[in-house]
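Structure data (mmCIF, C-alpha atoms) from final-v8.cif:
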data_data
loop_
_atom_site.label_atom_id
_atom_site.label_comp_id
_atom_site.auth_asym_id
_atom_site.auth_seq_id
_atom_site.Cartn_x
_atom_site.Cartn_y
_atom_site.Cartn_z
CA MET A 48 140.94 73.47 53.35
CA SER A 49 139.97 75.48 56.38
CA GLY A 50 138.35 78.90 56.34
CA LEU A 51 136.12 80.30 53.64
CA ALA A 52 136.29 78.49 50.30
CA PRO A 53 137.74 80.59 47.46
CA ARG A 54 134.36 80.96 45.76
CA SER A 55 132.64 81.98 48.99
CA ARG A 56 135.27 84.67 49.53
CA ARG A 57 134.51 85.96 46.06
CA ALA A 58 130.76 85.92 46.70
CA LEU A 59 131.08 87.65 50.06
CA GLY A 60 133.38 90.31 48.58
CA ARG A 61 130.90 91.07 45.83
CA GLU A 62 127.89 91.14 48.10
CA LEU A 63 129.64 93.63 50.37
CA THR A 64 130.56 95.94 47.48
CA ARG A 65 127.01 95.96 46.22
CA LEU A 66 125.59 96.70 49.65
CA ALA A 67 128.21 99.31 50.52
CA GLN A 68 127.26 101.24 47.40
CA ALA A 69 123.50 100.70 47.68
CA SER A 70 121.21 103.73 47.71
CA VAL A 71 118.56 104.06 50.39
CA ALA A 72 115.95 102.51 48.07
CA GLU A 73 118.24 99.58 47.21
CA SER A 74 119.14 99.10 50.84
CA LEU A 75 115.46 98.90 51.82
CA ALA A 76 114.70 96.46 49.00
CA HIS A 77 117.58 94.32 50.20
CA SER A 78 116.52 94.37 53.84
CA ALA A 79 113.03 93.20 52.92
CA GLN A 80 114.56 90.06 51.47
CA ARG A 81 117.19 89.08 53.95
CA PRO A 82 116.52 87.11 57.13
CA GLU A 83 116.35 88.89 60.46
CA PRO A 84 119.78 89.42 61.98
CA SER A 85 120.78 86.77 64.47
CA MET A 86 122.92 87.69 67.42
CA GLU A 87 125.17 84.65 67.24
CA THR A 88 128.23 86.46 65.95
CA ALA A 89 129.97 88.66 68.50
CA ARG A 90 130.55 92.20 67.24
CA ILE A 91 133.49 94.01 68.75
CA GLY A 92 133.91 97.68 67.88
CA PHE A 93 137.07 99.78 68.08
CA THR A 94 137.05 103.53 68.10
CA GLY A 95 139.46 106.31 69.04
CA ALA A 96 141.29 109.22 67.44
CA PRO A 97 143.22 108.81 64.18
CA GLY A 98 146.74 107.64 64.93
CA ALA A 99 145.78 106.07 68.27
CA GLY A 100 146.88 102.72 66.87
CA LYS A 101 143.52 101.04 66.29
CA SER A 102 144.47 99.06 63.17
CA THR A 103 147.71 97.74 64.62
CA LEU A 104 145.98 96.82 67.87
CA ILE A 105 143.19 95.01 66.02
CA SER A 106 145.75 93.13 63.98
CA ARG A 107 147.55 91.87 67.10
CA LEU A 108 144.34 91.12 68.91
CA ALA A 109 142.82 89.29 65.95
CA ARG A 110 145.54 86.65 66.21
CA LEU A 111 144.44 85.85 69.78
CA ARG A 112 140.71 85.97 68.98
CA LEU A 113 141.29 83.73 65.97
CA ALA A 114 143.26 81.17 67.98
CA ALA A 115 140.21 80.76 70.22
CA CYS A 116 137.60 80.40 67.48
CA ARG A 117 139.42 79.02 64.46
CA ASP A 118 137.10 76.00 64.31
CA GLN A 119 133.96 78.01 64.92
CA GLY A 120 133.95 80.16 61.82
CA GLY A 121 136.93 82.43 62.40
CA VAL A 122 137.12 86.20 62.47
CA ALA A 123 136.19 88.97 60.05
CA ILE A 124 137.58 92.50 60.26
CA LEU A 125 135.79 95.49 58.76
CA GLY A 126 137.99 98.60 58.69
CA ILE A 127 136.41 101.92 57.73
CA ASP A 128 138.42 104.80 56.26
CA PRO A 129 137.22 108.27 55.32
CA THR A 130 135.90 109.16 51.87
CA SER A 131 137.15 112.50 50.55
CA PRO A 132 134.21 114.90 50.43
CA LEU A 133 135.90 116.64 47.48
CA THR A 134 136.64 113.78 45.09
CA GLY A 135 134.62 110.89 46.53
CA GLY A 136 137.82 108.82 46.56
CA SER A 137 139.64 107.20 49.45
CA ILE A 138 142.82 105.47 50.49
CA LEU A 139 141.76 102.41 52.46
CA GLY A 140 144.83 102.06 54.61
CA ASP A 141 143.74 100.01 57.62
CA ARG A 142 144.72 96.67 56.19
CA ILE A 143 148.34 97.59 55.59
CA ARG A 144 148.74 97.54 59.39
CA MET A 145 147.17 94.10 59.45
CA ASP A 146 149.82 92.51 57.29
CA ALA A 147 151.08 90.09 59.90
CA ILE A 148 147.79 88.21 60.10
CA ALA A 149 146.51 88.63 56.56
CA ASN A 150 147.58 85.16 55.42
CA GLU A 151 145.39 83.38 57.98
CA PRO A 152 142.78 81.38 56.03
CA GLU A 153 140.10 81.75 58.73
CA LEU A 154 140.42 85.51 58.67
CA TYR A 155 138.59 87.86 56.33
CA ILE A 156 139.67 91.49 56.13
CA ARG A 157 137.58 94.02 54.27
CA SER A 158 138.25 97.75 53.88
CA LEU A 159 135.29 100.08 53.55
CA ALA A 160 134.98 103.73 52.60
CA SER A 161 132.75 105.87 54.80
CA ARG A 162 131.02 107.29 51.69
CA SER A 163 128.28 109.72 52.74
CA SER A 164 128.36 108.74 56.43
CA ASN A 165 129.86 111.23 58.80
CA ASP A 166 129.26 109.29 62.00
CA GLY A 167 132.54 107.35 61.85
CA LEU A 168 130.91 104.35 60.18
CA ALA A 169 129.97 103.62 56.57
CA ASP A 170 126.75 103.71 54.55
CA ASN A 171 124.62 100.61 55.23
CA VAL A 172 127.03 99.41 57.91
CA LEU A 173 124.39 97.37 59.75
CA ASP A 174 123.53 95.52 56.53
CA LEU A 175 127.21 94.92 55.90
CA LEU A 176 127.61 93.44 59.38
CA VAL A 177 124.63 91.13 58.94
CA THR A 178 125.96 89.98 55.58
CA VAL A 179 129.40 89.17 56.96
CA GLU A 180 127.76 87.34 59.86
CA SER A 181 125.67 85.25 57.48
CA TYR A 182 128.94 83.66 56.28
CA GLY A 183 129.34 82.08 59.70
CA PHE A 184 132.16 84.06 61.31
CA ARG A 185 132.34 83.69 65.08
CA GLU A 186 133.42 87.28 65.64
CA VAL A 187 133.46 90.52 63.68
CA LEU A 188 135.89 93.30 64.58
CA LEU A 189 134.71 96.71 63.37
CA GLU A 190 137.05 99.71 63.20
CA THR A 191 135.65 103.24 62.93
CA VAL A 192 137.10 106.09 60.90
CA GLY A 193 138.27 107.62 64.16
CA VAL A 194 137.12 111.18 63.57
CA GLY A 195 133.95 113.01 64.44
CA GLN A 196 131.33 111.80 66.85
CA ALA A 197 131.90 108.19 66.01
CA GLU A 198 131.16 106.82 69.43
CA HIS A 199 127.39 107.03 69.47
CA ALA A 200 126.84 105.35 66.12
CA ILE A 201 129.16 102.46 66.83
CA ARG A 202 127.79 102.03 70.35
CA HIS A 203 124.49 100.99 68.85
CA SER A 204 126.06 98.73 66.22
CA VAL A 205 128.27 96.42 68.30
CA ASP A 206 128.16 94.18 71.38
CA THR A 207 131.46 95.23 72.94
CA LEU A 208 132.98 98.66 72.36
CA VAL A 209 136.71 99.21 72.91
CA MET A 210 137.96 102.79 73.01
CA VAL A 211 141.61 103.23 72.10
CA LEU A 212 143.34 106.26 73.63
CA GLN A 213 146.94 107.38 73.65
CA PRO A 214 148.89 108.98 76.48
CA ASN A 215 148.90 112.76 76.92
CA ALA A 216 146.49 113.44 74.10
CA GLY A 217 144.25 115.47 76.36
CA ASP A 218 141.86 112.59 76.12
CA ALA A 219 140.65 112.66 79.71
CA ILE A 220 139.26 116.17 79.62
CA GLN A 221 137.86 115.74 76.13
CA ALA A 222 136.28 112.49 77.14
CA MET A 223 134.65 114.03 80.18
CA LYS A 224 133.30 116.88 78.10
CA SER A 225 131.72 114.74 75.45
CA GLY A 226 130.59 111.98 77.77
CA VAL A 227 132.11 109.23 75.66
CA LEU A 228 133.48 107.54 78.75
CA GLU A 229 129.97 106.47 79.55
CA LEU A 230 129.79 104.63 76.26
CA ALA A 231 132.70 102.23 75.93
CA ASP A 232 132.95 98.85 77.65
CA ILE A 233 136.73 98.68 77.68
CA TYR A 234 139.37 101.44 77.54
CA VAL A 235 142.85 100.91 76.15
CA ILE A 236 145.72 103.29 76.84
CA ASN A 237 147.75 102.37 73.79
CA LYS A 238 151.47 103.08 73.29
CA ALA A 239 151.83 102.71 77.04
CA ASP A 240 155.62 102.81 76.79
CA LEU A 241 155.33 106.53 76.03
CA PRO A 242 155.75 108.92 78.94
CA GLY A 243 152.51 109.97 80.59
CA ALA A 244 150.73 106.66 80.05
CA LYS A 245 150.35 105.89 83.76
CA LYS A 246 148.91 109.32 84.40
CA SER A 247 146.48 109.07 81.49
CA ALA A 248 145.38 105.62 82.64
CA SER A 249 144.71 106.77 86.18
CA GLU A 250 142.77 109.81 84.95
CA ILE A 251 140.56 107.60 82.81
CA ARG A 252 140.14 105.16 85.71
CA GLY A 253 139.04 108.03 87.90
CA ILE A 254 136.33 108.96 85.44
CA VAL A 255 135.21 105.40 84.73
CA GLN A 256 134.89 104.62 88.45
CA ARG A 257 132.26 107.32 88.83
CA SER A 258 130.06 105.56 86.31
CA GLN A 259 126.80 104.11 87.59
CA ALA A 260 126.77 101.39 84.92
CA ALA A 261 126.50 97.77 86.03
CA TRP A 262 129.53 96.76 83.97
CA ARG A 263 132.74 98.14 85.44
CA ALA A 264 134.77 99.10 82.37
CA PRO A 265 138.44 98.10 82.69
CA VAL A 266 141.26 100.46 81.68
CA ILE A 267 144.10 98.48 80.10
CA GLU A 268 147.58 99.74 79.28
CA ILE A 269 149.13 98.19 76.18
CA SER A 270 152.54 98.72 74.66
CA GLN A 271 153.94 97.32 71.45
CA GLN A 272 156.86 95.89 73.41
CA HIS A 273 154.99 93.78 75.93
CA GLY A 274 152.41 91.09 75.36
CA GLU A 275 150.84 91.45 78.77
CA GLY A 276 148.38 94.23 78.08
CA LEU A 277 147.20 92.54 74.92
CA ALA A 278 146.31 89.31 76.73
CA LYS A 279 144.40 91.39 79.29
CA LEU A 280 142.42 93.05 76.54
CA ASP A 281 141.69 89.68 74.96
CA SER A 282 140.27 88.29 78.19
CA ALA A 283 138.43 91.53 79.03
CA ILE A 284 136.57 91.25 75.71
CA SER A 285 135.64 87.64 76.40
CA GLU A 286 134.49 88.56 79.91
CA HIS A 287 132.38 91.42 78.61
CA LEU A 288 130.76 89.27 75.94
CA ALA A 289 129.92 86.64 78.54
CA TRP A 290 128.66 89.22 81.01
CA GLN A 291 126.50 90.75 78.34
CA ALA A 292 125.02 87.44 77.22
CA GLU A 293 123.76 87.06 80.76
CA HIS A 294 122.65 90.60 81.52
CA ARG A 295 121.47 92.30 78.43
CA ASN A 296 117.97 92.50 77.09
CA ALA A 297 118.34 91.19 73.54
CA SER A 298 115.16 92.73 72.21
CA GLU A 299 116.18 96.11 73.61
CA THR A 300 119.56 95.80 71.85
CA LEU A 301 117.87 94.98 68.53
CA ARG A 302 115.55 97.94 69.05
CA ARG A 303 118.46 100.30 69.54
CA ARG A 304 120.09 98.95 66.37
CA ARG A 305 116.90 99.49 64.47
CA HIS A 306 116.66 103.03 65.83
CA TYR A 307 120.10 103.84 64.45
CA HIS A 308 119.35 102.01 61.20
CA VAL A 309 116.09 103.82 60.45
CA GLN A 310 117.50 107.18 61.47
CA SER A 311 120.59 106.84 59.28
CA LEU A 312 118.49 105.78 56.27
CA ILE A 313 116.27 108.84 56.60
CA VAL A 314 119.20 111.22 57.04
CA ARG A 315 120.83 109.73 53.95
CA ARG A 316 117.59 109.83 51.95
CA VAL A 317 117.27 113.56 52.65
CA ALA A 318 120.87 114.03 51.46
CA GLU A 319 120.08 112.04 48.29
CA LEU A 320 117.05 114.23 47.60
CA LEU A 321 119.05 117.40 48.07
CA ASP A 322 121.83 116.08 45.80
CA HIS A 323 119.43 115.10 43.03
CA ARG A 324 117.21 118.19 43.30
CA PRO A 325 119.27 121.18 44.32
CA GLN A 326 116.28 123.38 43.42
CA LEU A 327 114.80 122.25 46.75
CA LEU A 328 117.08 124.86 48.26
CA ASP A 329 115.90 127.68 45.98
CA THR A 330 112.94 128.56 48.13
CA THR A 331 112.06 131.79 49.88
CA ASN A 332 112.49 130.38 53.34
CA LEU A 333 113.73 127.35 55.26
CA ALA A 334 110.26 126.16 56.19
CA GLU A 335 109.34 125.86 52.52
CA SER A 336 112.39 123.72 51.71
CA TYR A 337 111.62 121.61 54.74
CA ALA A 338 107.99 121.12 53.72
CA GLU A 339 108.92 120.17 50.15
CA ILE A 340 111.39 117.57 51.39
CA LEU A 341 108.75 116.12 53.71
CA GLN A 342 106.40 115.84 50.75
CA LEU A 343 108.98 113.91 48.76
CA LEU A 344 109.58 111.64 51.74
CA ALA A 345 105.84 111.07 51.96
CA SER A 346 105.72 109.93 48.35
CA ASP A 347 108.63 107.58 49.14
CA ALA A 348 106.56 106.26 51.99
CA LYS A 349 103.59 105.46 49.76
CA ARG A 350 105.84 103.57 47.42
CA TYR A 351 107.43 101.50 50.19
CA SER A 352 104.17 100.71 51.91
CA ARG A 353 102.90 99.24 48.64
CA GLN A 354 106.25 97.44 48.35
CA GLU A 355 106.67 98.32 44.73
CA GLU A 356 110.42 98.60 45.02
CA THR A 357 112.03 95.39 43.96
CA GLY A 358 115.03 94.74 41.85
CA TRP A 359 117.55 94.03 44.57
CA MET B 143 134.49 110.56 33.53
CA SER B 144 135.51 109.48 36.94
CA LEU B 145 136.58 106.41 38.85
CA LYS B 146 133.97 107.05 41.54
CA GLY B 147 132.78 103.84 43.16
CA LYS B 148 135.59 101.80 41.59
CA ARG B 149 137.82 99.76 43.86
CA ILE B 150 141.48 99.47 42.95
CA LEU B 151 144.30 97.46 44.55
CA ILE B 152 147.83 98.76 44.08
CA ALA B 153 150.18 95.86 44.74
CA LYS B 154 153.93 95.37 44.97
CA PRO B 155 154.81 91.79 44.07
CA GLY B 156 158.33 90.45 44.17
CA LEU B 157 161.42 91.69 45.87
CA ASP B 158 162.07 95.28 44.87
CA GLY B 159 161.76 97.73 47.73
CA HIS B 160 160.70 100.99 46.14
CA ASP B 161 157.12 102.16 46.24
CA VAL B 162 157.24 105.88 45.53
CA GLY B 163 155.68 105.30 42.10
CA ALA B 164 153.01 103.00 43.53
CA LYS B 165 152.05 105.64 46.09
CA VAL B 166 151.93 108.41 43.49
CA ILE B 167 149.55 106.31 41.41
CA ALA B 168 147.47 105.44 44.49
CA LEU B 169 146.96 109.12 45.33
CA ALA B 170 146.15 110.05 41.72
CA LEU B 171 143.53 107.30 41.58
CA ARG B 172 142.01 108.46 44.87
CA ASP B 173 141.82 111.99 43.50
CA ALA B 174 140.03 110.57 40.46
CA GLY B 175 137.38 109.24 42.86
CA ALA B 176 138.45 105.61 43.35
CA ASP B 177 138.66 103.65 46.60
CA VAL B 178 142.31 102.62 46.67
CA ILE B 179 143.92 99.85 48.71
CA TYR B 180 147.69 99.42 48.84
CA THR B 181 149.29 96.10 49.79
CA GLY B 182 152.67 97.33 50.97
CA LEU B 183 156.00 95.94 49.76
CA ARG B 184 157.11 92.45 48.76
CA LYS B 185 153.88 90.50 48.48
CA SER B 186 153.40 87.08 46.93
CA SER B 187 151.06 86.59 44.00
CA ALA B 188 148.86 84.34 46.16
CA TYR B 189 148.57 87.09 48.75
CA ILE B 190 147.75 89.74 46.15
CA ALA B 191 145.03 87.57 44.62
CA LYS B 192 143.50 86.91 48.03
CA VAL B 193 143.41 90.59 48.91
CA ALA B 194 141.97 91.45 45.48
CA VAL B 195 139.15 88.95 46.04
CA ASP B 196 138.44 89.79 49.69
CA GLU B 197 138.37 93.48 48.81
CA ASP B 198 136.40 92.83 45.62
CA VAL B 199 138.45 95.21 43.53
CA ASP B 200 137.76 96.02 39.89
CA VAL B 201 141.42 96.49 39.08
CA VAL B 202 144.79 95.27 40.34
CA GLY B 203 147.73 97.51 39.52
CA LEU B 204 151.03 95.62 39.80
CA SER B 205 154.02 97.89 40.37
CA MET B 206 157.29 96.14 39.52
CA LEU B 207 160.84 97.39 39.24
CA SER B 208 162.61 94.09 39.67
CA GLY B 209 162.63 92.84 36.09
CA SER B 210 160.70 89.68 36.96
CA HIS B 211 157.41 91.08 35.70
CA MET B 212 156.69 88.26 33.23
CA ALA B 213 156.74 85.55 35.93
CA LEU B 214 154.93 87.69 38.52
CA VAL B 215 152.14 88.61 36.11
CA SER B 216 151.42 85.05 35.01
CA ASP B 217 151.56 83.91 38.64
CA THR B 218 149.04 86.55 39.69
CA ILE B 219 146.70 85.67 36.83
CA ARG B 220 146.86 82.00 37.79
CA CYS B 221 146.12 82.79 41.45
CA LEU B 222 143.11 84.93 40.50
CA GLU B 223 141.77 82.04 38.42
CA GLU B 224 141.74 79.87 41.54
CA TYR B 225 139.26 82.30 43.06
CA ASP B 226 137.16 82.34 39.91
CA ALA B 227 138.17 86.00 39.64
CA SER B 228 139.64 86.27 36.14
CA ASP B 229 137.34 89.22 35.47
CA ILE B 230 139.46 91.42 37.74
CA LYS B 231 141.51 93.56 35.40
CA ILE B 232 145.28 93.77 35.69
CA PHE B 233 147.45 96.76 34.87
CA VAL B 234 151.20 96.83 35.14
CA GLY B 235 153.51 99.72 35.97
CA GLY B 236 157.18 100.28 36.70
CA THR B 237 160.33 99.61 34.74
CA ILE B 238 158.97 97.49 31.93
CA PRO B 239 161.09 97.23 28.76
CA GLU B 240 159.20 98.11 25.59
CA LYS B 241 159.98 94.67 24.14
CA ASP B 242 157.96 92.96 26.89
CA ARG B 243 154.82 95.02 26.40
CA ALA B 244 153.23 92.81 23.76
CA ALA B 245 153.91 89.64 25.74
CA LEU B 246 152.31 91.14 28.87
CA ILE B 247 149.20 92.13 26.91
CA GLU B 248 149.16 88.66 25.39
CA ALA B 249 149.29 87.17 28.92
CA GLY B 250 146.13 89.08 29.84
CA VAL B 251 147.29 92.47 31.11
CA CYS B 252 145.00 95.39 30.16
CA GLY B 253 147.67 98.05 30.02
CA VAL B 254 151.33 98.78 30.72
CA PHE B 255 152.25 102.13 32.28
CA THR B 256 155.77 103.47 32.45
CA ALA B 257 157.19 106.33 34.48
CA ASP B 258 157.17 108.79 31.57
CA MET B 259 153.42 108.51 31.13
CA PRO B 260 151.31 111.44 32.39
CA LEU B 261 149.05 110.48 35.30
CA GLU B 262 145.97 111.70 33.40
CA ASP B 263 146.68 109.17 30.66
CA VAL B 264 146.95 106.38 33.24
CA ILE B 265 143.61 107.35 34.77
CA ARG B 266 141.94 107.69 31.39
CA ALA B 267 143.19 104.25 30.32
CA ILE B 268 141.75 102.65 33.47
CA GLU B 269 138.46 104.52 33.10
CA ARG B 270 138.19 103.32 29.51
CA GLU B 271 138.84 99.72 30.48
CA LEU B 272 136.20 99.83 33.23
CA SER B 273 133.48 101.60 31.27
#
Output the file's structure in the form of structure tokens.
Amino acid sequence: MSGLAPRSRRALGRELTRLAQASVAESLAHSAQRPEPSMETARIGFTGAPGAGKSTLISRLARLRLAACRDQGGVAILGIDPTSPLTGGSILGDRIRMDAIANEPELYIRSLASRSSNDGLADNVLDLLVTVESYGFREVLLETVGVGQAEHAIRHSVDTLVMVLQPNAGDAIQAMKSGVLELADIYVINKADLPGAKKSASEIRGIVQRSQAAWRAPVIEISQQHGEGLAKLDSAISEHLAWQAEHRNASETLRRRRHYHVQSLIVRRVAELLDHRPQLLDTTNLAESYAEILQLLASDAKRYSRQEETGW
Amino acid sequence: MSLKGKRILIAKPGLDGHDVGAKVIALALRDAGADVIYTGLRKSSAYIAKVAVDEDVDVVGLSMLSGSHMALVSDTIRCLEEYDASDIKIFVGGTIPEKDRAALIEAGVCGVFTADMPLEDVIRAIERELS
């Protein structure tokens, strides 16, 4: 049988659940035990507004990526959907668009809830990626929630970032404002059979061409009707991965990932403290709350430096 | 009580093409705090078991209106066994005749929900089974 064995699928599924729900303390205990991340698996990120067609695009693209690496471990897809801030629940709907490929044995699809993250990714996402990679997949495709300032967080988490835009969504101006067009490696104008696609594509090209970056990001028009754009995207991703293998500074990339990782753990730890001790807010002024939180963080720090936390 | 942190797959096995009930349940479970995944229509038992395992759900809810619930349930249970995943709990909903209820429970189903059952009761039954 090709692909992951049934029992490995079960083990991977369980490991991911445990990690996705891990607190900051549990996540740190886990990271002390696992091996350093390798960079052998290619991580390809997809971001863009809700409804831009990310899930459907990933589904169609995954078939091509899989055909090229079926014997080298296959492909995993991690799709992140938003957690309701009111109930803590979620509808994880990405995979329903991935129906056409879901029977492939060398493919693993996992839906994740964003939980407390509001950067378009999910709690402990870097740990989740490393865990999936440890099962030997050749490539991991990561889909963001698609709302908020997702671009910066995912930029630091993946090797190749694809931004999915749709025609006439006012994307060009918005993109210029927020500077996200300096972040992605490949731009897709999706639903290119809709009117306005050509204009949107040329606007984005105009912006991308002003970039000083060494990699010239392609702008690719894709429609559901024609296969041509999809094949272009497939080869653009391969070209970018190859270009990057040659040009990037691997230790700098790992540093940037660590930067994001440490920062997101601390932000989440502060949120945990505030959730568990709402009295931290009942102070006379902001500075006092701030100082009390720092004190609690400092006592965390003592504990971790003595490495008392085990139990992962 | 709450279903916070619980992962639930709502699945439509077999050939019937109506999923209003499945979607109503999915939304109610989300509002109770669960992470809910829906398979879409007309899925095989093998497919449902694979998704349940890949997604590491605590519960599979099978929504069936076709009348072939006995065969589909035993098929799904057998497929889950192949993944060493018999601990995943199965609930059944839809048009299930009262006379089949006992046989479904006997086959390994944790609960049978019919359309006349209040959503709160459905959620409470799942919470109880998972606690």
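Taking all atoms listed in the file into account, Gly147 of chain B lies nearest to A:Leu159 out of the set A:Ala58, A:Ile124, A:Leu280, A:Leu159.
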Quiz item: How far is it from atom CA of Leu341 of chain A to atom CA of Ser163 of chain A, in Å with one decimal?
Solution: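 Atom CA of Ser163 of chain A lies 20.6 Å from atom CA of Leu341 of chain A.
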Fewer than 6 positions away in the same chain doesn't count, so skip those; otherwise give me all residues within 10 Å of segment 84-92 of chain A, counting all atoms listed in the file, as an mmCIF file with C-alpha atoms, in the frame of the given file.
data_model
loop_
_atom_site.group_PDB
_atom_site.id
_atom_site.type_symbol
_atom_site.label_atom_id
_atom_site.label_comp_id
_atom_site.auth_asym_id
_atom_site.auth_seq_id
_atom_site.Cartn_x
_atom_site.Cartn_y
_atom_site.Cartn_z
ATOM 1 C CA ILE A 105 143.190 95.010 66.020
ATOM 2 C CA GLY A 120 133.950 80.160 61.820
ATOM 3 C CA VAL A 122 137.120 86.200 62.470
ATOM 4 C CA ALA A 123 136.190 88.970 60.050
ATOM 5 C CA ILE A 124 137.580 92.500 60.260
ATOM 6 C CA LEU A 125 135.790 95.490 58.760
ATOM 7 C CA LEU A 173 124.390 97.370 59.750
ATOM 8 C CA ASP A 174 123.530 95.520 56.530
ATOM 9 C CA LEU A 176 127.610 93.440 59.380
ATOM 10 C CA VAL A 177 124.630 91.130 58.940
ATOM 11 C CA THR A 178 125.960 89.980 55.580
ATOM 12 C CA VAL A 179 129.400 89.170 56.960
ATOM 13 C CA GLU A 180 127.760 87.340 59.860
ATOM 14 C CA SER A 181 125.670 85.250 57.480
ATOM 15 C CA GLY A 183 129.340 82.080 59.700
ATOM 16 C CA PHE A 184 132.160 84.060 61.310
ATOM 17 C CA ARG A 185 132.340 83.690 65.080
ATOM 18 C CA GLU A 186 133.420 87.280 65.640
ATOM 19 C CA VAL A 187 133.460 90.520 63.680
ATOM 20 C CA LEU A 188 135.890 93.300 64.580
ATOM 21 C CA LEU A 189 134.710 96.710 63.370
ATOM 22 C CA GLU A 190 137.050 99.710 63.200
ATOM 23 C CA THR A 191 135.650 103.240 62.930
ATOM 24 C CA GLU A 198 131.160 106.820 69.430
ATOM 25 C CA ILE A 201 129.160 102.460 66.830
ATOM 26 C CA ARG A 202 127.790 102.030 70.350
ATOM 27 C CA SER A 204 126.060 98.730 66.220
ATOM 28 C CA VAL A 205 128.270 96.420 68.300
ATOM 29 C CA ASP A 206 128.160 94.180 71.380
ATOM 30 C CA THR A 207 131.460 95.230 72.940
ATOM 31 C CA LEU A 208 132.980 98.660 72.360
ATOM 32 C CA VAL A 209 136.710 99.210 72.910
ATOM 33 C CA MET A 210 137.960 102.790 73.010
ATOM 34 C CA ALA A 231 132.700 102.230 75.930
ATOM 35 C CA ASP A 232 132.950 98.850 77.650
ATOM 36 C CA ILE A 284 136.570 91.250 75.710
ATOM 37 C CA SER A 285 135.640 87.640 76.400
ATOM 38 C CA LEU A 288 130.760 89.270 75.940
ATOM 39 C CA ALA A 297 118.340 91.190 73.540
ATOM 40 C CA THR A 300 119.560 95.800 71.850
ATOM 41 C CA LEU A 301 117.870 94.980 68.530
#
Quiz prompt | Counting all atoms listed in the file, the residue of B:Asp158, B:Arg220, B:Ser187, B:Tyr225 that sits nearest chain A | solution = B:Tyr225
Practice problem: Kindly resolve the PyMOL selection byres ((chain B and resi 245-254) around 6) on the present coordinates and return the residues as a PyMOL selection string. | Solution: chain B and resi 232-235+242-244+255
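Atom CA of Ser106 of chain A is found 16.0 Å from atom CA of Ser282 of chain A.
Pairwise distance (atom CA of Tyr307 of chain A, atom CA of Lys349 of chain A) equals 22.2 Å.
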Quiz prompt | Counting only C-alpha atoms, chain B residues within 8 Å of chain A, as an MDAnalysis selection string | solution = chainID B and resid 146:147 168:169 171:182 189 195:198 224:227
Give me a file of those residues, with C-alpha atoms, as a short mmCIF file (atom, residue, chain, number, x, y, z; two decimals), in the frame of the given file.
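To be explicit, this is the file written out as result08.cif:
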data_model
loop_
_atom_site.label_atom_id
_atom_site.label_comp_id
_atom_site.auth_asym_id
_atom_site.auth_seq_id
_atom_site.Cartn_x
_atom_site.Cartn_y
_atom_site.Cartn_z
CA LYS B 146 133.97 107.05 41.54
CA GLY B 147 132.78 103.84 43.16
CA ALA B 168 147.47 105.44 44.49
CA LEU B 169 146.96 109.12 45.33
CA LEU B 171 143.53 107.30 41.58
CA ARG B 172 142.01 108.46 44.87
CA ASP B 173 141.82 111.99 43.50
CA ALA B 174 140.03 110.57 40.46
CA GLY B 175 137.38 109.24 42.86
CA ALA B 176 138.45 105.61 43.35
CA ASP B 177 138.66 103.65 46.60
CA VAL B 178 142.31 102.62 46.67
CA ILE B 179 143.92 99.85 48.71
CA TYR B 180 147.69 99.42 48.84
CA THR B 181 149.29 96.10 49.79
CA GLY B 182 152.67 97.33 50.97
CA TYR B 189 148.57 87.09 48.75
CA VAL B 195 139.15 88.95 46.04
CA ASP B 196 138.44 89.79 49.69
CA GLU B 197 138.37 93.48 48.81
CA ASP B 198 136.40 92.83 45.62
CA GLU B 224 141.74 79.87 41.54
CA TYR B 225 139.26 82.30 43.06
CA ASP B 226 137.16 82.34 39.91
CA ALA B 227 138.17 86.00 39.64
#
Exercise. Mind listing whatever residues come within 8 Å of the point (144.9, 87.2, 40.6)? Use only C-alpha atoms, file coordinates, and give them as a list in words.
Key: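 All residues meeting the 8 Å criterion around (144.9, 87.2, 40.6) are Ser187, Ala188, Ile190, Ala191, Lys192, Ala194, Asp217, Thr218, Ile219, Arg220, Cys221, Leu222, Glu223, Tyr225, Ala227, Ser228 and Ile230 of chain B.
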